[in-house]
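**Q** As input, take entry_16.tsv (TSV, C-alpha atoms):
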chain	number	residue	atom	x	y	z
A	253	MET	CA	174.77	118.85	109.46
A	254	ASN	CA	173.36	120.87	106.56
A	255	TRP	CA	169.85	119.58	107.32
A	256	THR	CA	169.95	121.57	110.59
A	257	ARG	CA	170.55	124.84	108.80
A	258	GLY	CA	167.90	124.04	106.20
A	259	LEU	CA	165.31	123.26	108.83
A	260	LEU	CA	166.08	126.42	110.80
A	261	ASN	CA	165.70	128.61	107.72
A	262	THR	CA	162.52	126.77	106.75
A	263	SER	CA	161.01	127.44	110.18
A	264	LYS	CA	161.35	131.18	109.71
A	265	LEU	CA	160.12	131.02	106.11
A	266	LEU	CA	156.97	129.19	107.15
A	267	TYR	CA	156.35	131.60	109.98
A	268	ARG	CA	156.48	134.53	107.59
A	269	GLN	CA	154.29	132.79	105.03
A	270	SER	CA	151.67	132.00	107.64
A	271	LYS	CA	150.98	135.72	108.22
A	272	SER	CA	149.04	137.89	105.81
A	273	ALA	CA	149.62	141.59	105.27
A	274	ASN	CA	147.14	142.52	108.04
A	275	GLY	CA	148.58	140.00	110.50
A	276	THR	CA	145.96	137.24	110.14
A	277	GLN	CA	146.70	133.57	109.54
A	278	THR	CA	146.43	132.59	105.87
A	279	ASN	CA	147.91	129.12	105.68
A	280	GLN	CA	145.90	126.61	107.70
A	281	THR	CA	148.48	123.87	107.20
A	282	PHE	CA	151.13	125.68	109.23
A	283	THR	CA	148.90	127.32	111.86
A	284	ASN	CA	149.82	124.79	114.53
A	285	LEU	CA	153.51	124.68	113.62
A	286	THR	CA	154.43	128.33	114.05
A	287	SER	CA	153.28	131.16	116.25
A	288	PRO	CA	154.23	134.77	116.96
A	289	ALA	CA	155.60	133.66	120.32
A	290	ASN	CA	158.30	131.76	118.49
A	291	SER	CA	159.61	134.70	116.47
A	292	THR	CA	162.19	135.60	119.10
A	293	ILE	CA	163.46	132.05	119.20
A	294	LEU	CA	163.57	131.89	115.42
A	295	GLY	CA	165.65	135.07	115.40
A	296	PHE	CA	168.00	133.40	117.87
A	297	GLN	CA	168.23	130.42	115.52
A	298	GLU	CA	169.71	132.63	112.81
A	299	SER	CA	172.93	133.18	114.76
A	300	ALA	CA	175.75	131.67	112.72
A	301	THR	CA	177.83	131.30	115.87
A	302	PHE	CA	175.08	129.33	117.59
A	303	ARG	CA	174.61	127.02	114.57
A	304	LEU	CA	178.35	126.41	114.35
A	305	ALA	CA	178.56	125.70	118.08
A	306	TYR	CA	175.62	123.31	117.81
A	307	ASP	CA	177.08	121.42	114.82
A	308	VAL	CA	180.55	121.13	116.35
A	309	THR	CA	179.26	120.09	119.78
A	310	ILE	CA	176.96	117.37	118.45
A	311	THR	CA	179.54	116.00	115.99
A	312	VAL	CA	182.43	115.93	118.47
A	313	THR	CA	180.25	114.36	121.17
A	314	LEU	CA	179.04	111.64	118.79
A	315	VAL	CA	182.62	110.82	117.81
A	316	ILE	CA	183.61	110.59	121.49
A	317	ILE	CA	180.64	108.30	122.15
A	318	ILE	CA	181.49	105.97	119.26
A	319	LEU	CA	185.18	105.95	120.26
A	320	GLY	CA	184.22	105.16	123.84
A	321	MET	CA	181.79	102.41	122.91
A	322	GLY	CA	184.38	101.05	120.45
A	323	CYS	CA	186.67	100.49	123.42
A	324	GLY	CA	184.09	98.01	124.68
A	325	VAL	CA	184.01	95.99	121.44
A	326	THR	CA	186.02	92.77	121.19
A	327	TRP	CA	187.01	91.00	117.99
A	328	ASP	CA	186.23	87.60	119.53
A	329	LEU	CA	182.61	88.60	120.13
A	330	ILE	CA	182.27	90.06	116.64
A	331	LYS	CA	183.50	86.77	115.19
A	332	PHE	CA	181.04	84.96	117.45
A	333	HIS	CA	178.14	87.04	116.08
A	334	LEU	CA	179.29	86.50	112.50
A	335	LYS	CA	179.44	82.73	113.03
A	336	ARG	CA	176.09	82.67	114.84
A	337	PRO	CA	174.27	85.66	113.38
A	338	THR	CA	170.85	85.10	114.96
A	339	GLY	CA	170.83	88.43	116.79
A	340	VAL	CA	172.27	90.31	113.81
A	341	ALA	CA	169.70	88.70	111.48
A	342	ILE	CA	166.78	89.65	113.73
A	343	GLY	CA	167.99	93.24	113.88
A	344	LEU	CA	168.50	93.50	110.12
A	345	VAL	CA	165.13	91.92	109.30
A	346	SER	CA	163.51	94.39	111.69
A	347	GLN	CA	165.31	97.35	110.12
A	348	VAL	CA	164.91	96.35	106.48
A	349	ILE	CA	161.44	94.77	106.45
A	350	VAL	CA	159.43	95.25	109.66
A	351	LEU	CA	160.01	98.93	110.49
A	352	PRO	CA	159.34	100.27	106.96
A	353	PHE	CA	156.10	98.29	106.89
A	354	LEU	CA	155.23	99.46	110.42
A	355	SER	CA	155.62	103.13	109.44
A	356	PHE	CA	153.55	102.53	106.29
A	357	ALA	CA	150.78	100.70	108.18
A	358	LEU	CA	150.69	103.16	111.09
A	359	ALA	CA	150.47	106.16	108.76
A	360	HIS	CA	147.50	104.57	106.96
A	361	ALA	CA	145.85	103.49	110.22
A	362	LEU	CA	145.97	107.08	111.51
A	363	VAL	CA	144.96	108.46	108.09
A	364	LEU	CA	147.86	110.91	108.04
A	365	GLU	CA	148.10	113.49	105.29
A	366	SER	CA	150.71	112.95	102.59
A	367	ILE	CA	153.42	115.31	103.86
A	368	PRO	CA	153.66	114.08	107.49
A	369	ALA	CA	153.16	110.48	106.32
A	370	LEU	CA	156.21	110.75	104.07
A	371	GLY	CA	158.27	112.09	106.97
A	372	MET	CA	157.20	109.07	109.00
A	373	LEU	CA	158.05	106.70	106.16
A	374	VAL	CA	161.55	108.13	105.67
A	375	MET	CA	162.18	107.75	109.40
A	376	GLY	CA	161.05	104.12	109.17
A	377	VAL	CA	163.39	103.20	106.31
A	378	SER	CA	166.46	104.81	107.91
A	379	PRO	CA	169.07	102.48	109.48
A	380	CYS	CA	169.64	102.20	113.21
A	381	GLY	CA	171.54	104.96	114.97
A	382	MET	CA	174.60	104.94	117.20
A	383	MET	CA	172.88	106.05	120.41
A	384	SER	CA	171.54	102.52	120.80
A	385	SER	CA	175.08	101.39	121.69
A	386	VAL	CA	175.18	103.81	124.63
A	387	PHE	CA	171.84	102.59	125.96
A	388	SER	CA	173.00	99.02	125.44
A	389	TYR	CA	176.07	99.79	127.57
A	390	TRP	CA	173.89	101.32	130.30
A	391	MET	CA	171.73	98.17	130.30
A	392	ASP	CA	174.72	95.77	130.41
A	393	GLY	CA	174.05	94.66	126.85
A	394	ASP	CA	176.38	93.34	124.17
A	395	ILE	CA	178.16	96.35	122.67
A	396	SER	CA	179.90	94.18	120.06
A	397	LEU	CA	176.51	92.95	118.83
A	398	SER	CA	175.20	96.52	118.81
A	399	PHE	CA	178.01	97.83	116.61
A	400	THR	CA	177.85	94.80	114.32
A	401	MET	CA	174.14	95.39	113.72
A	402	SER	CA	174.58	99.16	113.27
A	403	THR	CA	177.43	98.73	110.79
A	404	PHE	CA	175.61	96.14	108.68
A	405	SER	CA	172.41	98.19	108.76
A	406	THR	CA	174.20	101.33	107.57
A	407	PHE	CA	176.02	99.55	104.75
A	408	LEU	CA	172.79	97.90	103.60
A	409	ALA	CA	171.09	101.30	103.60
A	410	PHE	CA	172.68	102.04	100.20
A	411	GLY	CA	170.18	99.58	98.72
A	412	THR	CA	167.41	99.17	101.29
A	413	ILE	CA	166.46	102.85	101.57
A	414	PRO	CA	165.68	103.39	97.86
A	415	LEU	CA	164.02	99.95	97.64
A	416	ASN	CA	161.67	100.55	100.57
A	417	LEU	CA	160.86	104.09	99.43
A	418	LEU	CA	160.01	102.71	96.00
A	419	ILE	CA	157.72	100.08	97.53
A	420	TYR	CA	155.83	102.23	100.04
A	421	SER	CA	155.95	105.89	98.98
A	422	GLY	CA	153.47	105.47	96.10
A	423	SER	CA	150.56	105.91	98.51
A	424	TRP	CA	151.46	109.57	99.04
A	425	THR	CA	153.69	110.79	96.19
A	426	GLU	CA	154.83	109.94	92.68
A	427	ASP	CA	158.02	111.98	92.99
A	428	ASN	CA	161.39	110.28	93.22
A	429	PHE	CA	163.43	110.58	96.39
A	430	VAL	CA	167.01	111.84	96.28
A	431	ILE	CA	169.17	109.42	98.26
A	432	PRO	CA	172.11	111.31	99.85
A	433	TYR	CA	174.78	108.66	99.37
A	434	LYS	CA	177.46	111.07	100.57
A	435	SER	CA	175.61	111.37	103.89
A	436	ILE	CA	175.48	107.58	104.18
A	437	LEU	CA	179.22	107.42	103.51
A	438	LEU	CA	179.75	110.11	106.14
A	439	VAL	CA	177.78	108.06	108.67
A	440	VAL	CA	179.86	105.00	107.78
A	441	GLY	CA	183.08	106.98	108.21
A	442	MET	CA	181.98	108.52	111.52
A	443	THR	CA	181.15	105.02	112.73
A	444	CYS	CA	184.03	102.92	111.44
A	445	ILE	CA	187.00	105.23	112.10
A	446	PRO	CA	186.34	105.86	115.84
A	447	LEU	CA	185.33	102.20	116.18
A	448	LEU	CA	188.67	101.01	114.76
A	449	LEU	CA	190.52	103.42	117.05
A	450	GLY	CA	188.60	101.95	119.98
A	451	PHE	CA	189.63	98.47	118.82
A	452	LEU	CA	193.28	99.46	118.76
A	453	LEU	CA	193.10	101.12	122.16
A	454	ARG	CA	191.51	98.05	123.73
A	455	TRP	CA	194.19	95.86	122.11
A	456	LYS	CA	197.24	97.98	122.94
A	457	LEU	CA	196.16	100.03	125.97
A	458	PRO	CA	193.33	98.18	127.76
A	459	LYS	CA	193.49	100.37	130.87
A	460	VAL	CA	193.21	103.53	128.79
A	461	ALA	CA	190.38	101.94	126.81
A	462	SER	CA	188.38	101.26	129.97
A	463	ILE	CA	188.66	104.94	130.94
A	464	ILE	CA	187.60	106.12	127.48
A	465	LEU	CA	184.66	103.71	127.61
A	466	LYS	CA	183.41	105.45	130.75
A	467	ILE	CA	184.00	108.85	129.15
A	468	GLY	CA	181.88	107.73	126.19
A	469	SER	CA	179.10	106.76	128.60
A	470	VAL	CA	179.20	110.21	130.23
A	471	ALA	CA	179.20	111.82	126.77
A	472	GLY	CA	176.07	109.81	126.01
A	473	MET	CA	174.33	111.33	129.03
A	474	PHE	CA	175.47	114.77	127.90
A	475	ILE	CA	174.15	114.42	124.37
A	476	VAL	CA	170.78	113.08	125.54
A	477	ALA	CA	170.33	116.08	127.83
A	478	LEU	CA	171.59	118.45	125.11
A	479	TYR	CA	169.18	116.96	122.57
A	480	PHE	CA	166.15	117.57	124.78
A	481	ILE	CA	167.18	121.16	125.55
A	482	LEU	CA	168.18	122.25	122.06
A	483	LEU	CA	165.16	120.62	120.47
A	484	SER	CA	162.86	122.84	122.49
A	485	LEU	CA	164.90	125.92	121.57
A	486	LEU	CA	165.38	125.19	117.88
A	487	TYR	CA	162.10	123.50	116.92
A	488	PRO	CA	159.35	124.63	119.32
A	489	PHE	CA	156.71	124.14	116.61
A	490	ILE	CA	156.82	120.34	117.01
A	491	TYR	CA	154.93	120.56	120.31
A	492	SER	CA	151.92	121.94	118.45
A	493	ALA	CA	151.60	118.83	116.28
A	494	SER	CA	148.26	117.08	115.84
A	495	TRP	CA	147.18	114.25	118.12
A	496	LYS	CA	147.73	111.77	115.28
A	497	ILE	CA	151.41	112.67	115.06
A	498	TYR	CA	151.71	112.35	118.84
A	499	VAL	CA	150.08	108.91	118.81
A	500	ALA	CA	152.41	107.76	116.03
A	501	ALA	CA	155.55	109.21	117.66
A	502	LEU	CA	154.69	107.76	121.08
A	503	SER	CA	153.71	104.28	119.91
A	504	TYR	CA	156.32	103.72	117.21
A	505	PRO	CA	159.45	103.33	119.41
A	506	TYR	CA	157.67	101.11	121.97
A	507	ILE	CA	156.32	98.82	119.25
A	508	SER	CA	159.81	98.60	117.74
A	509	PHE	CA	161.50	97.88	121.07
A	510	MET	CA	158.98	95.21	122.02
A	511	PHE	CA	159.15	93.54	118.61
A	512	GLY	CA	162.92	93.18	118.82
A	513	TYR	CA	162.78	91.82	122.38
A	514	VAL	CA	159.92	89.36	121.77
A	515	VAL	CA	161.44	87.90	118.60
A	516	SER	CA	164.82	87.57	120.32
A	517	THR	CA	163.09	85.74	123.17
A	518	LEU	CA	161.41	83.35	120.73
A	519	PHE	CA	164.84	82.50	119.30
A	520	LYS	CA	166.15	81.93	122.85
A	521	ILE	CA	168.91	84.53	122.65
A	522	ASP	CA	170.71	85.38	125.91
A	523	ASP	CA	168.79	87.95	127.93
A	524	PHE	CA	171.45	90.69	127.80
A	525	ARG	CA	171.55	90.30	124.01
A	526	ARG	CA	167.77	90.54	123.78
A	527	ARG	CA	168.03	93.99	125.29
A	528	THR	CA	170.64	94.94	122.71
A	529	VAL	CA	168.53	93.71	119.78
A	530	ALA	CA	165.50	95.58	121.14
A	531	LEU	CA	167.45	98.84	121.40
A	532	GLU	CA	168.92	98.46	117.92
A	533	THR	CA	165.45	97.82	116.53
A	534	GLY	CA	163.89	100.85	118.21
A	535	MET	CA	166.41	103.65	117.53
A	536	GLN	CA	166.76	105.02	114.01
A	537	ASN	CA	169.35	107.34	112.47
A	538	TYR	CA	167.80	110.83	112.66
A	539	THR	CA	170.62	112.58	110.80
A	540	LEU	CA	170.26	110.37	107.74
A	541	CYS	CA	166.48	110.78	107.80
A	542	PHE	CA	166.75	114.58	107.66
A	543	ALA	CA	169.39	114.40	104.94
A	544	ILE	CA	166.95	112.47	102.75
A	545	LEU	CA	164.09	114.86	103.48
A	546	GLU	CA	166.16	117.96	102.75
A	547	SER	CA	167.53	116.48	99.52
A	548	SER	CA	164.11	115.43	98.23
A	549	PHE	CA	161.59	118.12	99.18
A	550	PRO	CA	161.28	121.92	99.03
A	551	SER	CA	161.55	124.02	102.16
A	552	GLU	CA	157.78	124.72	102.09
A	553	GLU	CA	157.14	121.07	102.97
A	554	LEU	CA	160.21	120.28	105.04
A	555	THR	CA	159.01	121.63	108.38
A	556	VAL	CA	155.70	119.74	108.34
A	557	MET	CA	157.50	116.63	107.16
A	558	SER	CA	160.08	116.87	109.94
A	559	VAL	CA	157.62	117.00	112.84
A	560	PHE	CA	157.26	113.22	113.21
A	561	PRO	CA	161.02	112.46	113.01
A	562	LEU	CA	161.76	115.12	115.62
A	563	LEU	CA	159.05	113.89	118.01
A	564	TYR	CA	160.09	110.31	117.35
A	565	GLY	CA	163.67	111.24	118.27
A	566	VAL	CA	162.48	112.69	121.58
A	567	ASN	CA	160.24	109.74	122.39
A	568	SER	CA	162.75	107.05	121.40
A	569	LEU	CA	165.33	108.58	123.74
A	570	ALA	CA	162.68	108.96	126.44
A	571	ALA	CA	161.65	105.32	125.97
A	572	GLY	CA	165.30	104.27	126.19
A	573	ILE	CA	165.65	106.19	129.47
A	574	VAL	CA	162.50	104.49	130.80
A	575	PHE	CA	163.88	101.04	129.91
A	576	VAL	CA	167.24	101.84	131.50
A	577	GLY	CA	165.46	102.96	134.67
A	578	ILE	CA	163.34	99.81	134.80
A	579	TYR	CA	166.40	97.63	134.24
A	580	LYS	CA	168.41	99.37	136.95
A	581	CYS	CA	165.54	98.97	139.43
A	582	LEU	CA	165.14	95.30	138.58
A	583	LYS	CA	168.87	94.77	138.84
A	584	LYS	CA	168.93	96.37	142.28
A	585	TYR	CA	165.78	94.95	143.85
A	586	VAL	CA	165.04	91.74	141.92
A	587	PRO	CA	167.48	88.80	141.72
A	588	ILE	CA	169.00	88.69	138.25
A	589	LYS	CA	171.47	86.17	136.90
A	590	LYS	CA	174.47	88.48	136.90
A	591	GLU	CA	176.70	85.67	135.72
A	592	MET	CA	174.79	85.19	132.45
A	593	LYS	CA	176.91	87.67	130.46
A	594	GLU	CA	180.15	86.31	131.89
A	595	GLN	CA	179.06	82.76	130.99
A	596	ALA	CA	178.32	83.85	127.42
A	597	ASP	CA	181.74	85.55	127.12
A	598	ASP	CA	183.42	82.44	128.54
A	599	LYS	CA	181.54	80.35	126.01
A	600	VAL	CA	183.02	82.41	123.19
A	601	GLU	CA	186.52	81.88	124.58
A	602	VAL	CA	185.91	78.14	124.95
A	603	ASP	CA	184.68	77.92	121.37
A	604	ASP	CA	187.80	79.73	120.16
A	605	ILE	CA	190.01	77.38	122.19
A	606	LYS	CA	188.23	74.35	120.72
A	607	SER	CA	188.66	75.73	117.20
A	608	ALA	CA	192.37	76.33	117.83
A	609	GLY	CA	192.70	72.78	119.22
A	610	ARG	CA	191.10	71.26	116.14
A	611	LEU	CA	193.43	73.30	113.92
A	612	LEU	CA	196.51	72.06	115.83
A	613	GLU	CA	195.32	68.46	115.56
A	614	ALA	CA	194.91	68.85	111.81
A	615	ILE	CA	198.44	70.31	111.48
A	616	GLU	CA	199.92	67.43	113.53
A	617	GLU	CA	198.18	64.86	111.34
A	618	GLU	CA	199.61	66.51	108.21
A	619	ILE	CA	203.10	66.46	109.74
A	620	GLU	CA	202.81	62.77	110.60
A	621	VAL	CA	201.75	62.00	107.05
Would you give me this structure, written as structure tokens?
**A**
Amino acid sequence: MNWTRGLLNTSKLLYRQSKSANGTQTNQTFTNLTSPANSTILGFQESATFRLAYDVTITVTLVIIILGMGCGVTWDLIKFHLKRPTGVAIGLVSQVIVLPFLSFALAHALVLESIPALGMLVMGVSPCGMMSSVFSYWMDGDISLSFTMSTFSTFLAFGTIPLNLLIYSGSWTEDNFVIPYKSILLVVGMTCIPLLLGFLLRWKLPKVASIILKIGSVAGMFIVALYFILLSLLYPFIYSASWKIYVAALSYPYISFMFGYVVSTLFKIDDFRRRTVALETGMQNYTLCFAILESSFPSEELTVMSVFPLLYGVNSLAAGIVFVGIYKCLKKYVPIKKEMKEQADDKVEVDDIKSAGRLLEAIEEEIEV
């Protein structure tokens, strides 16, 4: 997580640059992003031990989450989604086409300045993140669909990120972005390896897999709480952002969630899969976003550019928690077709049985001939 270190160092640099020799503010751009009250916190940020602990904790927890959620993925359901890729297609179209345009349109509608607008655009072109799988699990969604969409979205990011940046970034800059392909490969590796281990555990040790799945869910709760706490400690300047950034960061995840759910409803996808598509549409990969920003822009611009992605990260998780709370209340107090997911899973098994039956019939006919 080199972007974390870069952002921490940039915070202190901007704080120093915003003070003149006699202690007065000289740089209006950064007045609302840094303050003398934050100097103690920024000094705390410089601790190498704290940075190492933060990096290790976040990375290990994410791996545990992906491993745990991987224990809930079944090959039969993945094949089902590949044969009938309506949900996957909606998610990919949202990620590749709709969200980049949404970030572009929202930045222009709010008349954002170039630097924060570019941060918003990079967040919009980033693929979906892995936390959506945890929220999907909490909302009784389709984890197999979630991982299928996330994996495809991340692989496509090798081409879709530079293409969308080429299309939309011209409104604010003529500079070329540096695409951190190594970071994309790292995301792919962190996703696929624990996922495959989860597959194997579910296949060979189903009882152990069910336990690890629950551990992954608990780890998800831990990382959400940790994210909120550490964000306030590490990046307190984001809470002094302009009202335009707040409007964008608050509205963006809700628009994304609702778009995914409404389109899924129009295509008559099962209700529990609609929730999954909505979550995949509304949660982007923050790590990849910051890797692009750090690779492409100097430290003088990085802090201002990072304000929207950081606030968006907070609000997307908060929105996810709100949706989980609403779903749990509805599930408890309003009659819901609890059998719907089981019926869908049974349908997959029936389809597989029918396919196997047709294959056996074809083999018997060949033998008779």
**Q** Which distance in Å separates atom CA of A:Val440 and atom CA of A:Ala530, to one decimal?
**A** 21.8 Å
**Q** May I have the protein, DNA and RNA residues with an atom at most 10 Å from (152.1, 106.2, 105.0), counting only C-alpha atoms in the file's coordinates, returned as a list in words?
**A**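 Every residue inside that radius is included here: Pro352, Phe353, Leu354, Ser355, Phe356, Ala357, Leu358, Ala359, His360, Ala361, Leu362, Val363, Leu364, Glu365, Ser366, Ile367, Pro368, Ala369, Leu370, Gly371, Met372, Leu373, Val374, Tyr420, Ser421, Gly422, Ser423 and Trp424 of chain A.
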**Q** Calculated over only C-alpha atoms, which of the candidates A:Ala471, A:Val529, A:Leu304, A:Ile481 has the smallest distance to A:Ser516?
**A**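 The closest residue to A:Ser516 is A:Val529.
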**Q** Counting all atoms listed in the file, what is within 8 Å of A:Met391, bar same-chain residues fewer than 5 positions away, as a list in words?
**A**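 With the cut-off at 8 Å, the set is Phe524, Arg527, Val576, Tyr579 and Lys580 of chain A.
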**Q** List the neighbours of A:Ala461 out to 8 Å using only C-alpha atoms; skip same-chain residues closer than 4 positions along the sequence, and give me the result as a PyMOL selection string.
**A** chain A and resi 320+323-324+450+453-454+457+465
**Q** Between atom CA of A:Met557 and atom CA of A:Val377, what is the distance in Å, rounded to a tenth?
**A** 14.7 Å
**Q** Please compute the atom CA of A:Arg525-atom CA of A:Val340 distance, one decimal, in Å.
**A**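 Taking atom CA of A:Arg525 and atom CA of A:Val340, their separation equals 10.2 Å.
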**Q** Given the choices A:Leu449, A:Ile521, A:Met321, A:Ala501, which gets closest to A:Met375 if the distance is worked out from all atoms listed in the file?
**A**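 Looking only at the distances to A:Met375, the closest residue turns out to be A:Ala501.
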**Q** I'd like the contact shell of stretch 392-397 of chain A - 10 Å cut-off, all atoms listed in the file, skipping same-chain residues fewer than 5 positions apart - returned as a PyMOL selection string.
**A** chain A and resi 321-334+337+339-340+343+384-387+402-403+522-529+531-532+576+579-580+590+593+597
**Q** Residues of stretch 436-546 of chain A that approach stretch 308-317 of chain A to 8 Å or less, counting only C-alpha atoms: could you list each one with the shortest pair of atoms and its distance in Å to one decimal, rows by chain and increasing residue number, as JSON lines?
**A**
{"residue": "A:Met442", "atom": "CA", "partner": "A:Val315", "partner_atom": "CA", "distance": 6.7}
{"residue": "A:Thr443", "atom": "CA", "partner": "A:Val315", "partner_atom": "CA", "distance": 7.8}
{"residue": "A:Pro446", "atom": "CA", "partner": "A:Val315", "partner_atom": "CA", "distance": 6.5}
{"residue": "A:Ile467", "atom": "CA", "partner": "A:Ile317", "partner_atom": "CA", "distance": 7.8}
{"residue": "A:Gly468", "atom": "CA", "partner": "A:Ile317", "partner_atom": "CA", "distance": 4.3}
{"residue": "A:Ser469", "atom": "CA", "partner": "A:Ile317", "partner_atom": "CA", "distance": 6.8}
{"residue": "A:Ala471", "atom": "CA", "partner": "A:Ile317", "partner_atom": "CA", "distance": 6.0}
{"residue": "A:Gly472", "atom": "CA", "partner": "A:Ile317", "partner_atom": "CA", "distance": 6.2}
{"residue": "A:Ile475", "atom": "CA", "partner": "A:Thr313", "partner_atom": "CA", "distance": 6.9}
**Q** So, with all atoms listed in the file as the atoms that count, which of A:Gly565, A:Pro488, A:Pro505, A:Gly512 lies closest to A:Thr539?
**A**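 Of A:Gly565, A:Pro488, A:Pro505, A:Gly512, the one nearest A:Thr539, counting all atoms listed in the file, is A:Gly565.
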**Q** Using all atoms listed in the file, which residue out of A:Ser484, A:Ser548, A:Ser398, A:Asn428 lies closest to A:Leu415?
**A**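 Of all the options, A:Asn428 lies closest to A:Leu415.
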**Q** Can you tell me which residues surround A:Phe429 at a distance of at most 9 Å, considering only C-alpha atoms, apart from same-chain residues fewer than 5 positions away, and format the answer as JSON, numbers by chain?
**A** {"A": [414, 417, 418, 544, 545, 547, 548, 549]}
**Q** Using all atoms listed in the file, can you tell me which of A:Val470, A:Ala543, A:Ala571, A:Leu319 comes closest to A:Ile445?
**A**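 Distance minimum relative to A:Ile445 lands on A:Leu319.
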**Q** Starting from 6 Å padding per side, set up an axis-aligned box that covers all listed atoms of stretch 366-372 of chain A and hand over centre and edge lengths in Å, one decimal, as lines of an AutoDock Vina configuration file.
**A**
center_x = 154.5
center_y = 112.2
center_z = 105.8
size_x = 19.6
size_y = 18.2
size_z = 18.4
**Q** With only C-alpha atoms as the atoms that count, which of A:Ile463, A:Cys380, A:Leu563, A:Leu447 lies nearest to A:Tyr479?
**A**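 For A:Tyr479, the nearest of the candidates is A:Leu563.
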